[in-house]
file run07.csv (CSV, C-alpha atoms)
chain,number,residue,atom,x,y,z
B,295,MET,CA,-69.9,28.6,-3.0
B,296,ILE,CA,-66.2,28.0,-3.2
B,297,ASP,CA,-65.0,26.7,-6.5
B,298,ILE,CA,-61.5,25.2,-7.1
B,299,THR,CA,-60.3,25.7,-10.7
B,300,PRO,CA,-57.0,25.7,-12.6
B,301,LEU,CA,-55.2,29.1,-12.7
B,302,ARG,CA,-56.4,31.4,-15.4
B,303,HIS,CA,-54.4,34.3,-16.9
B,304,SER,CA,-57.0,36.6,-15.4
B,305,ASP,CA,-56.2,35.2,-11.9
B,306,LEU,CA,-52.5,36.1,-12.0
B,307,ALA,CA,-52.7,39.6,-10.5
B,308,ALA,CA,-54.9,38.4,-7.6
B,309,VAL,CA,-52.7,35.3,-6.9
B,310,THR,CA,-49.6,37.5,-7.0
B,311,ALA,CA,-51.1,39.9,-4.5
B,312,LEU,CA,-51.9,36.9,-2.2
B,313,PHE,CA,-48.3,35.8,-2.5
B,314,ASN,CA,-47.0,39.2,-1.6
B,315,GLN,CA,-49.4,39.6,1.3
B,316,THR,CA,-48.4,36.1,2.7
B,317,MET,CA,-44.7,36.8,2.4
B,318,ALA,CA,-44.7,40.4,3.7
B,319,GLY,CA,-42.5,40.8,6.7
B,320,LEU,CA,-40.6,37.5,6.3
B,321,PRO,CA,-36.8,37.5,5.9
B,322,TYR,CA,-35.3,37.1,2.4
B,323,CYS,CA,-38.5,37.9,0.5
B,324,TRP,CA,-39.5,40.8,-1.7
B,325,GLU,CA,-42.6,41.9,-3.5
B,326,LEU,CA,-43.1,40.5,-7.0
B,327,ASP,CA,-45.1,41.7,-9.9
B,328,SER,CA,-47.3,39.3,-11.9
B,329,GLN,CA,-44.7,38.5,-14.5
B,330,GLN,CA,-42.0,37.9,-11.8
B,331,PHE,CA,-44.4,35.6,-9.9
B,332,ARG,CA,-45.1,33.6,-13.1
B,333,GLN,CA,-41.4,33.2,-13.8
B,334,LEU,CA,-40.0,32.7,-10.2
B,335,ALA,CA,-42.8,30.7,-8.7
B,336,LEU,CA,-45.0,29.0,-11.3
B,337,PHE,CA,-42.2,28.0,-13.7
B,338,ASP,CA,-39.5,27.5,-11.1
B,339,GLU,CA,-38.2,23.8,-10.9
B,340,ALA,CA,-36.6,24.1,-7.5
B,341,GLY,CA,-33.1,22.9,-8.6
B,342,PRO,CA,-30.5,21.9,-7.8
B,343,GLN,CA,-31.7,20.0,-4.7
B,344,ALA,CA,-35.0,18.9,-6.1
B,345,GLN,CA,-36.2,18.1,-9.6
B,346,LEU,CA,-39.8,19.2,-10.1
B,347,HIS,CA,-41.9,19.2,-13.2
B,348,VAL,CA,-43.8,22.3,-14.2
B,349,ASP,CA,-47.5,21.3,-14.5
B,350,SER,CA,-50.2,23.8,-14.7
B,351,GLY,CA,-52.6,21.2,-13.4
B,352,GLY,CA,-51.1,21.8,-10.0
B,353,TRP,CA,-51.9,25.5,-10.0
B,354,LEU,CA,-55.2,25.6,-8.2
B,355,VAL,CA,-57.3,28.7,-7.3
B,356,ALA,CA,-60.1,28.9,-4.7
B,357,ARG,CA,-62.6,31.5,-5.9
B,358,GLU,CA,-66.1,32.6,-5.1
B,359,GLY,CA,-67.5,34.2,-8.2
B,360,GLU,CA,-64.6,36.4,-9.4
B,361,PHE,CA,-63.1,36.8,-5.9
B,362,THR,CA,-59.9,34.9,-5.1
B,363,TRP,CA,-59.8,33.3,-1.7
B,364,GLY,CA,-56.7,31.2,-2.0
B,365,PHE,CA,-54.1,29.4,-4.1
B,366,ALA,CA,-52.2,26.1,-3.9
B,367,HIS,CA,-49.2,25.1,-5.9
B,368,ALA,CA,-48.5,21.4,-6.2
B,369,ALA,CA,-45.8,19.7,-8.2
B,370,VAL,CA,-44.5,16.3,-8.9
B,371,GLY,CA,-40.8,15.3,-9.0
B,372,ARG,CA,-38.0,13.9,-6.8
B,373,LEU,CA,-35.3,15.0,-4.4
B,374,ALA,CA,-31.9,15.0,-6.0
B,375,ASP,CA,-30.4,13.0,-3.1
B,376,ALA,CA,-33.3,10.6,-2.7
B,377,PRO,CA,-32.0,7.0,-2.1
B,378,ARG,CA,-34.4,5.6,-4.7
B,379,PRO,CA,-36.3,7.1,-7.6
B,380,THR,CA,-39.5,7.7,-5.5
B,381,ARG,CA,-42.2,9.8,-7.2
B,382,HIS,CA,-42.9,12.6,-4.8
B,383,GLY,CA,-45.7,15.0,-4.7
B,384,PHE,CA,-44.8,18.4,-3.3
B,385,LEU,CA,-47.2,21.0,-2.0
B,386,ARG,CA,-44.9,24.0,-2.5
B,387,GLN,CA,-47.3,26.7,-1.2
B,388,LEU,CA,-50.7,27.4,0.1
B,389,PHE,CA,-51.9,31.0,0.2
B,390,LEU,CA,-55.1,32.1,1.9
B,391,HIS,CA,-56.8,35.5,1.9
B,392,PRO,CA,-56.8,36.8,5.6
B,393,GLN,CA,-60.7,36.7,5.5
B,394,ALA,CA,-61.0,33.4,3.7
B,395,PRO,CA,-63.8,31.1,4.9
B,396,ALA,CA,-62.8,28.2,7.0
B,397,ASP,CA,-63.4,25.6,4.2
B,398,VAL,CA,-61.1,27.2,1.6
B,399,ALA,CA,-57.9,25.5,2.8
B,400,ALA,CA,-59.6,22.1,3.0
B,401,ALA,CA,-61.1,22.5,-0.5
B,402,LEU,CA,-57.7,23.4,-1.9
B,403,LEU,CA,-56.0,20.4,-0.2
B,404,THR,CA,-58.7,18.1,-1.5
B,405,ALA,CA,-57.9,19.3,-5.1
B,406,VAL,CA,-54.2,18.9,-4.4
B,407,GLU,CA,-54.8,15.3,-3.3
B,408,ALA,CA,-56.8,14.6,-6.6
B,409,PHE,CA,-53.9,16.0,-8.6
B,410,PHE,CA,-51.3,13.8,-6.8
B,411,SER,CA,-53.5,10.7,-7.2
B,412,ALA,CA,-53.9,11.4,-10.9
B,413,GLN,CA,-50.1,11.6,-11.1
B,414,GLU,CA,-49.7,8.3,-9.2
B,415,VAL,CA,-47.6,9.9,-6.5
B,416,THR,CA,-46.4,7.5,-3.8
B,417,GLU,CA,-45.2,10.0,-1.2
B,418,ARG,CA,-46.4,13.5,-0.4
B,419,CYS,CA,-44.5,16.4,1.2
B,420,ALA,CA,-45.7,19.8,2.0
B,421,PHE,CA,-43.4,22.9,2.3
B,422,HIS,CA,-40.3,20.7,1.9
B,423,ILE,CA,-37.2,22.7,2.8
B,424,ARG,CA,-35.6,21.9,-0.6
B,425,SER,CA,-38.5,22.9,-2.8
B,426,GLY,CA,-38.8,26.6,-2.1
B,427,TYR,CA,-39.1,29.4,-4.6
B,428,PRO,CA,-36.0,31.4,-5.3
B,429,CYS,CA,-37.9,34.6,-4.4
B,430,ALA,CA,-39.0,33.5,-1.0
B,431,LEU,CA,-37.0,32.7,2.2
B,432,ALA,CA,-33.8,32.3,0.1
B,433,GLY,CA,-35.2,29.2,-1.5
B,434,ARG,CA,-36.3,27.5,1.7
B,435,GLY,CA,-39.7,25.9,1.2
B,436,MET,CA,-40.6,25.7,4.9
B,437,LEU,CA,-43.9,26.9,6.3
B,438,PRO,CA,-43.5,29.8,8.7
B,439,GLY,CA,-44.8,28.8,12.1
B,440,SER,CA,-47.0,31.9,12.2
B,441,GLN,CA,-49.3,30.5,9.5
B,442,PHE,CA,-51.6,28.7,11.9
B,443,ARG,CA,-54.6,28.2,9.6
B,444,VAL,CA,-52.5,26.4,7.0
B,445,MET,CA,-50.8,24.3,9.7
B,446,ALA,CA,-54.2,23.3,11.1
B,447,ALA,CA,-55.5,22.5,7.6
B,448,LEU,CA,-52.5,20.3,6.8
B,449,GLY,CA,-53.1,18.3,10.0
B,450,ARG,CA,-56.7,17.7,9.2
B,451,ALA,CA,-55.7,16.5,5.7
B,452,GLY,CA,-53.4,13.8,7.2
B,453,TYR,CA,-50.1,15.7,7.0
B,454,ARG,CA,-47.8,15.5,10.0
B,455,ILE,CA,-44.8,17.7,10.9
B,456,SER,CA,-41.6,15.9,9.7
B,457,ASP,CA,-39.0,18.6,10.6
B,458,ARG,CA,-38.7,22.0,12.2
B,459,TRP,CA,-36.1,24.3,10.7
B,460,LEU,CA,-34.0,27.2,12.1
B,461,LEU,CA,-32.4,30.0,10.1
B,462,TYR,CA,-29.0,31.5,10.9
B,463,GLU,CA,-27.1,34.4,9.3
B,464,ARG,CA,-23.6,35.8,9.5
B,465,SER,CA,-21.9,38.8,8.0
B,466,CYS,CA,-18.9,37.8,5.9
B,467,THR,CA,-17.6,41.3,5.0
B,468,ALA,CA,-14.6,41.0,7.4
B,469,PRO,CA,-12.1,38.2,7.3
B,470,ALA,CA,-12.6,35.4,9.8
B,471,LEU,CA,-9.7,34.1,11.9
B,472,GLU,CA,-8.9,30.6,10.7
B,473,ARG,CA,-7.3,28.0,12.9
B,474,LEU,CA,-6.0,25.0,10.9
B,475,PRO,CA,-7.2,21.7,12.4
B,476,THR,CA,-4.6,19.1,13.4
B,477,LEU,CA,-5.5,16.6,10.8
B,478,PRO,CA,-2.3,15.2,9.1
B,479,GLY,CA,-2.6,13.6,5.7
B,480,LEU,CA,-5.5,15.8,4.5
B,481,SER,CA,-5.4,18.3,1.7
B,482,LEU,CA,-7.8,21.1,0.9
B,483,GLN,CA,-9.4,21.3,-2.5
B,484,ILE,CA,-11.5,24.3,-3.7
B,485,GLU,CA,-13.8,24.4,-6.7
B,486,ARG,CA,-15.2,27.9,-7.6
B,487,ASP,CA,-17.9,28.6,-10.2
B,488,ALA,CA,-18.5,31.7,-12.3
B,489,GLY,CA,-21.8,32.4,-10.4
B,490,GLY,CA,-19.9,33.0,-7.1
B,491,GLY,CA,-20.5,29.6,-5.5
B,492,VAL,CA,-17.7,27.6,-4.0
B,493,ALA,CA,-17.2,23.9,-2.9
B,494,LEU,CA,-14.5,23.0,-0.4
B,495,TYR,CA,-13.3,19.5,0.3
B,496,LEU,CA,-10.9,18.1,2.9
B,497,ALA,CA,-9.6,14.9,1.2
B,498,GLU,CA,-7.6,12.0,2.3
B,499,ARG,CA,-5.6,11.3,-0.8
B,500,SER,CA,-8.4,11.7,-3.4
B,501,ARG,CA,-11.3,10.7,-1.1
B,502,PRO,CA,-13.3,13.6,0.5
B,503,VAL,CA,-13.9,13.2,4.2
B,504,ALA,CA,-15.4,16.6,4.8
B,505,GLU,CA,-17.1,19.1,2.4
B,506,ALA,CA,-18.9,22.4,2.4
B,507,VAL,CA,-20.8,23.8,-0.6
B,508,VAL,CA,-22.0,27.4,-0.8
B,509,ASP,CA,-24.2,28.9,-3.5
B,510,GLN,CA,-24.6,32.6,-4.2
B,511,LEU,CA,-28.2,33.9,-4.4
B,512,PRO,CA,-28.3,36.4,-7.2
B,513,LEU,CA,-32.0,37.2,-7.1
B,514,LEU,CA,-32.0,37.9,-3.4
B,515,SER,CA,-28.7,39.8,-3.8
B,516,ALA,CA,-30.3,42.1,-6.5
B,517,ALA,CA,-33.5,42.6,-4.5
B,518,SER,CA,-31.8,43.4,-1.2
B,519,SER,CA,-28.6,45.1,-2.4
B,520,LEU,CA,-26.7,42.7,-0.2
B,521,ILE,CA,-24.7,40.0,-1.9
B,522,SER,CA,-26.1,36.9,-0.3
B,523,ALA,CA,-24.9,33.3,-0.2
B,524,SER,CA,-26.4,30.1,1.2
B,525,LEU,CA,-24.8,27.1,2.7
B,526,ARG,CA,-26.1,24.1,0.7
B,527,TRP,CA,-24.6,21.6,2.9
B,528,LEU,CA,-21.7,20.9,5.4
B,529,ARG,CA,-20.8,17.2,5.8
B,530,VAL,CA,-18.1,15.6,7.9
B,531,GLU,CA,-17.4,11.9,8.1
B,532,PRO,CA,-17.9,10.5,11.6
B,533,ALA,CA,-14.3,9.7,12.1
B,534,TYR,CA,-13.3,13.3,11.5
B,535,ARG,CA,-16.0,15.0,13.6
B,536,ARG,CA,-15.1,17.0,16.7
B,537,LYS,CA,-11.6,17.6,15.3
B,538,GLY,CA,-12.2,21.0,13.8
B,539,ALA,CA,-12.8,20.0,10.2
B,540,GLY,CA,-16.3,21.4,9.9
B,541,ARG,CA,-15.4,24.6,11.7
B,542,TRP,CA,-12.4,25.2,9.5
B,543,LEU,CA,-14.3,24.5,6.3
B,544,LEU,CA,-17.0,27.0,7.3
B,545,LEU,CA,-14.5,29.7,8.2
B,546,ARG,CA,-12.7,29.1,4.9
B,547,ALA,CA,-16.0,29.4,3.1
B,548,LEU,CA,-16.7,32.7,4.8
B,549,ASN,CA,-13.3,34.0,3.8
B,550,GLU,CA,-13.8,32.9,0.2
B,551,LEU,CA,-17.1,34.8,0.2
B,552,ALA,CA,-15.5,37.9,1.7
B,553,GLY,CA,-12.9,37.8,-1.0
B,554,ARG,CA,-15.7,37.8,-3.6
B,555,GLY,CA,-17.4,40.8,-2.0
B,556,ALA,CA,-20.3,38.9,-0.4
B,557,HIS,CA,-22.1,40.4,2.5
B,558,ARG,CA,-23.8,37.5,4.3
B,559,LEU,CA,-24.1,33.8,4.5
B,560,ILE,CA,-27.5,32.2,5.3
B,561,VAL,CA,-27.8,28.7,6.8
B,562,ASP,CA,-30.8,26.5,7.6
B,563,ILE,CA,-30.5,23.6,10.1
B,564,ASN,CA,-32.8,21.1,11.6
B,565,HIS,CA,-33.7,22.1,15.1
B,566,ALA,CA,-32.6,18.7,16.4
B,567,ASP,CA,-29.0,19.2,15.3
B,568,GLU,CA,-27.7,20.7,18.5
B,569,ALA,CA,-24.0,20.3,17.4
B,570,ALA,CA,-24.6,22.4,14.3
B,571,GLN,CA,-26.4,25.1,16.4
B,572,GLY,CA,-23.5,25.2,18.8
B,573,LEU,CA,-21.0,25.5,15.9
B,574,LEU,CA,-22.9,28.4,14.2
B,575,LEU,CA,-23.3,30.4,17.4
B,576,HIS,CA,-19.6,29.9,18.2
B,577,LEU,CA,-18.7,31.2,14.8
B,578,GLY,CA,-20.7,34.4,15.2
B,579,PHE,CA,-23.9,33.4,13.4
B,580,THR,CA,-27.2,35.0,14.6
B,581,GLU,CA,-30.4,32.9,14.8
B,582,LEU,CA,-33.4,34.6,13.2
B,583,SER,CA,-36.7,34.8,15.1
B,584,LEU,CA,-38.3,32.7,12.3
B,585,SER,CA,-38.8,29.0,12.6
B,586,GLY,CA,-40.4,26.9,9.9
B,587,TYR,CA,-41.9,23.5,9.3
B,588,SER,CA,-42.0,20.7,6.7
B,589,TYR,CA,-44.7,18.1,6.5
B,590,ARG,CA,-45.1,14.6,5.2
B,591,GLN,CA,-48.1,12.5,4.4
B,592,GLY,CA,-48.0,8.8,3.9
B,593,PRO,CA,-49.5,6.8,1.0
B,594,ARG,CA,-53.2,7.3,0.6
B,595,GLY,CA,-53.4,9.8,3.3
B,596,ARG,CA,-51.8,7.8,6.1
B,597,ALA,CA,-49.3,9.8,8.2
call {"tool": "encode", "arguments": {"input": "run07.csv", "output": "structure tokens"}}
result
Amino acid sequence: MIDITPLRHSDLAAVTALFNQTMAGLPYCWELDSQQFRQLALFDEAGPQAQLHVDSGGWLVAREGEFTWGFAHAAVGRLADAPRPTRHGFLRQLFLHPQAPADVAAALLTAVEAFFSAQEVTERCAFHIRSGYPCALAGRGMLPGSQFRVMAALGRAGYRISDRWLLYERSCTAPALERLPTLPGLSLQIERDAGGGVALYLAERSRPVAEAVVDQLPLLSAASSLISASLRWLRVEPAYRRKGAGRWLLLRALNELAGRGAHRLIVDINHADEAAQGLLLHLGFTELSLSGYSYRQGPRGRA
């Protein structure tokens, strides 16, 4: 009989092993020990793009006797850029043992739903792109498309795919050739932080009309020996699109990273954003073979 119980200290080694087994072979992931998993997954709050509360009630283990078949990590919080203070429930991960019985995923998702209902959550997301662990997929929370059993279980639980994501990467060890856009009246403003991140703004007087924000990824950098950075966002106002503003900001960001000794820049984009895909390919980015998915469930299980 499959039992779903809160995570116990004695479960930590088995759950960590499931995490490592699930993530093996994926880009931007590395093997963790139990203490690292506790710190970087269970107690991670997913900032700065999401604000999640650490709650051990959302750490759920599927076991049969003392054998661990699966683990679900659910959390409650909100997205930093949400238009209203909606109380979201986030299914951050669902790990299954390769030989787990067919009903394990369903049992874990039922327990997750009970946790969300007790927290009076109004919207539910699974594998949201902005709620990933810092130790997996460079912080992207998306569900790799190879995890068919999890995808099928989410569908049966009322979740529907909301977005498909693509990952791109480019080396930034050599200077990139910049061509200044013909945009009179704009000035460039650069803000650098001590952690290696940089924010670049094209401003009309004091009003930003285009911006690019890049974060360094210290944990991935240390684990891979490649100083890695991530494009948090690239935004250009409609009136300034197709005039070279976004391209120049991205090239300037690459050169800023090169000047700081960074090795690579990682970008995720929505698969429907064809303009962004074209820009990245034109600038020498390489698309990784991995694609991932985010899911959404409506109130009370309605899609």
call {"tool": "residues_around", "arguments": {"input": "run07.csv", "residues": "Arg464 of chain B", "least_positions_apart": "5", "cutoff": "6 Å", "atoms": "all atoms listed in the file", "output": "ChimeraX atom specification"}}
result
/B:558-559,579
call {"tool": "closest_residue", "arguments": {"input": "run07.csv", "among": "B:Leu403, B:Met295, B:Leu306, B:Gln315", "to": "Gln329 of chain B", "atoms": "all atoms listed in the file"}}
result
B:Leu306
call {"tool": "closest_residue", "arguments": {"input": "run07.csv", "among": "B:Ala566, B:Cys466, B:Ala344, B:Ala506", "to": "His382 of chain B", "atoms": "all atoms listed in the file"}}
result
B:Ala344
call {"tool": "residues_around", "arguments": {"input": "run07.csv", "residues": "Asn314 of chain B", "least_positions_apart": "4", "cutoff": "7 Å", "atoms": "all atoms listed in the file", "output": "list of chain:residue names"}}
result
B:Thr310, B:Ala318, B:Glu325, B:Leu326
call {"tool": "atom_distance", "arguments": {"input": "run07.csv", "atom1": "atom CA of Trp324 of chain B", "atom2": "atom CA of Asp509 of chain B"}}
result
19.5 Å
call {"tool": "closest_residue", "arguments": {"input": "run07.csv", "among": "B:Ile484, B:Ala470, B:Val398, B:Leu320", "to": "Leu577 of chain B", "atoms": "all atoms listed in the file"}}
result
B:Ala470
call {"tool": "closest_residue", "arguments": {"input": "run07.csv", "among": "B:Leu482, B:Asp349, B:Tyr587, B:Ile298", "to": "Asp397 of chain B", "atoms": "only C-alpha atoms"}}
result
B:Ile298
call {"tool": "closest_residue", "arguments": {"input": "run07.csv", "among": "B:Glu498, B:Glu472, B:Asp375, B:Glu360", "to": "Gln343 of chain B", "atoms": "all atoms listed in the file"}}
result
B:Asp375
call {"tool": "closest_residue", "arguments": {"input": "run07.csv", "among": "B:Val492, B:Ala523, B:Ile560, B:Ala430", "to": "Cys323 of chain B", "atoms": "all atoms listed in the file"}}
result
B:Ala430
call {"tool": "residues_around", "arguments": {"input": "run07.csv", "residues": "Ala556 of chain B", "least_positions_apart": "4", "cutoff": "12 Å", "atoms": "all atoms listed in the file", "output": "list in words"}}
result
Arg464, Ser465, Cys466, Thr467, Ala468, Pro469, Gly490, Gly491, Val508, Asp509, Gln510, Leu511, Pro512, Ser515, Ser519, Leu520, Ile521, Ser522, Ala523, Ser524, Ala547, Leu548, Asn549, Glu550, Leu551, Ala552 and Ile560 of chain B
call {"tool": "atom_distance", "arguments": {"input": "run07.csv", "atom1": "atom CA of Lys537 of chain B", "atom2": "atom CA of Thr580 of chain B"}}
result
23.4 Å
call {"tool": "residues_around", "arguments": {"input": "run07.csv", "residues": "Asp297 of chain B", "least_positions_apart": "5", "cutoff": "7 Å", "atoms": "all atoms listed in the file", "output": "VMD selection string"}}
result
chain B and resid 356 to 358
call {"tool": "write_last_selection", "arguments": {"input": "run07.csv", "atoms": "C-alpha atoms", "output": "PDB file, keeping the file's coordinate frame"}}
result
ATOM      1  CA  ALA B 356     -60.100  28.900  -4.700  1.00  0.00           C
ATOM      2  CA  ARG B 357     -62.600  31.500  -5.900  1.00  0.00           C
ATOM      3  CA  GLU B 358     -66.100  32.600  -5.100  1.00  0.00           C
TER       4      GLU B 358
END
call {"tool": "residues_around", "arguments": {"input": "run07.csv", "residues": "segment 437-451 of chain B", "least_positions_apart": "6", "cutoff": "8 Å", "atoms": "only C-alpha atoms", "output": "ChimeraX atom specification"}}
result
/B:388,399-400,403-404,421,584-588,595
call {"tool": "atom_distance", "arguments": {"input": "run07.csv", "atom1": "atom CA of Gly540 of chain B", "atom2": "atom CA of His565 of chain B"}}
result
18.2 Å
call {"tool": "residues_near_point", "arguments": {"input": "run07.csv", "point": "(-14.3, 20.4, 5.2)", "cutoff": "7 Å", "atoms": "only C-alpha atoms", "output": "VMD selection string"}}
result
chain B and resid 494 to 496 504 to 506 530 539 to 540 542 to 543
call {"tool": "build_atoms", "arguments": {"input": "run07.csv", "residues": "segment 371-386 of chain B", "atoms": "N, CA and C atoms", "output": "tab-separated table (two decimals), keeping the file's coordinate frame"}}
result
chain	number	residue	atom	x	y	z
B	371	GLY	N	-42.20	15.42	-8.64
B	371	GLY	CA	-40.80	15.30	-9.00
B	371	GLY	C	-40.10	14.42	-7.95
B	372	ARG	N	-38.79	14.69	-7.74
B	372	ARG	CA	-38.00	13.90	-6.80
B	372	ARG	C	-36.92	14.77	-6.21
B	373	LEU	N	-36.45	14.37	-5.03
B	373	LEU	CA	-35.30	15.00	-4.40
B	373	LEU	C	-34.03	14.52	-5.06
B	374	ALA	N	-33.09	15.42	-5.28
B	374	ALA	CA	-31.90	15.00	-6.00
B	374	ALA	C	-31.07	13.99	-5.22
B	375	ASP	N	-31.16	14.00	-3.87
B	375	ASP	CA	-30.40	13.00	-3.10
B	375	ASP	C	-31.24	11.89	-2.56
B	376	ALA	N	-32.42	11.68	-3.16
B	376	ALA	CA	-33.30	10.60	-2.70
B	376	ALA	C	-32.58	9.24	-2.94
B	377	PRO	N	-32.67	8.31	-1.98
B	377	PRO	CA	-32.00	7.00	-2.10
B	377	PRO	C	-32.54	6.13	-3.20
B	378	ARG	N	-33.77	6.40	-3.61
B	378	ARG	CA	-34.40	5.60	-4.70
B	378	ARG	C	-35.27	6.54	-5.49
B	379	PRO	N	-35.57	6.16	-6.72
B	379	PRO	CA	-36.30	7.10	-7.60
B	379	PRO	C	-37.83	7.13	-7.22
B	380	THR	N	-38.11	7.57	-6.00
B	380	THR	CA	-39.50	7.70	-5.50
B	380	THR	C	-40.16	8.88	-6.22
B	381	ARG	N	-41.40	8.71	-6.62
B	381	ARG	CA	-42.20	9.80	-7.20
B	381	ARG	C	-42.87	10.56	-6.13
B	382	HIS	N	-42.38	11.74	-5.84
B	382	HIS	CA	-42.90	12.60	-4.80
B	382	HIS	C	-43.91	13.58	-5.30
B	383	GLY	N	-44.88	13.88	-4.47
B	383	GLY	CA	-45.70	15.00	-4.70
B	383	GLY	C	-45.36	16.10	-3.68
B	384	PHE	N	-45.17	17.32	-4.14
B	384	PHE	CA	-44.80	18.40	-3.30
B	384	PHE	C	-45.83	19.51	-3.28
B	385	LEU	N	-46.38	19.80	-2.13
B	385	LEU	CA	-47.20	21.00	-2.00
B	385	LEU	C	-46.21	22.13	-1.68
B	386	ARG	N	-45.97	23.00	-2.67
B	386	ARG	CA	-44.90	24.00	-2.50
B	386	ARG	C	-45.45	25.23	-1.74
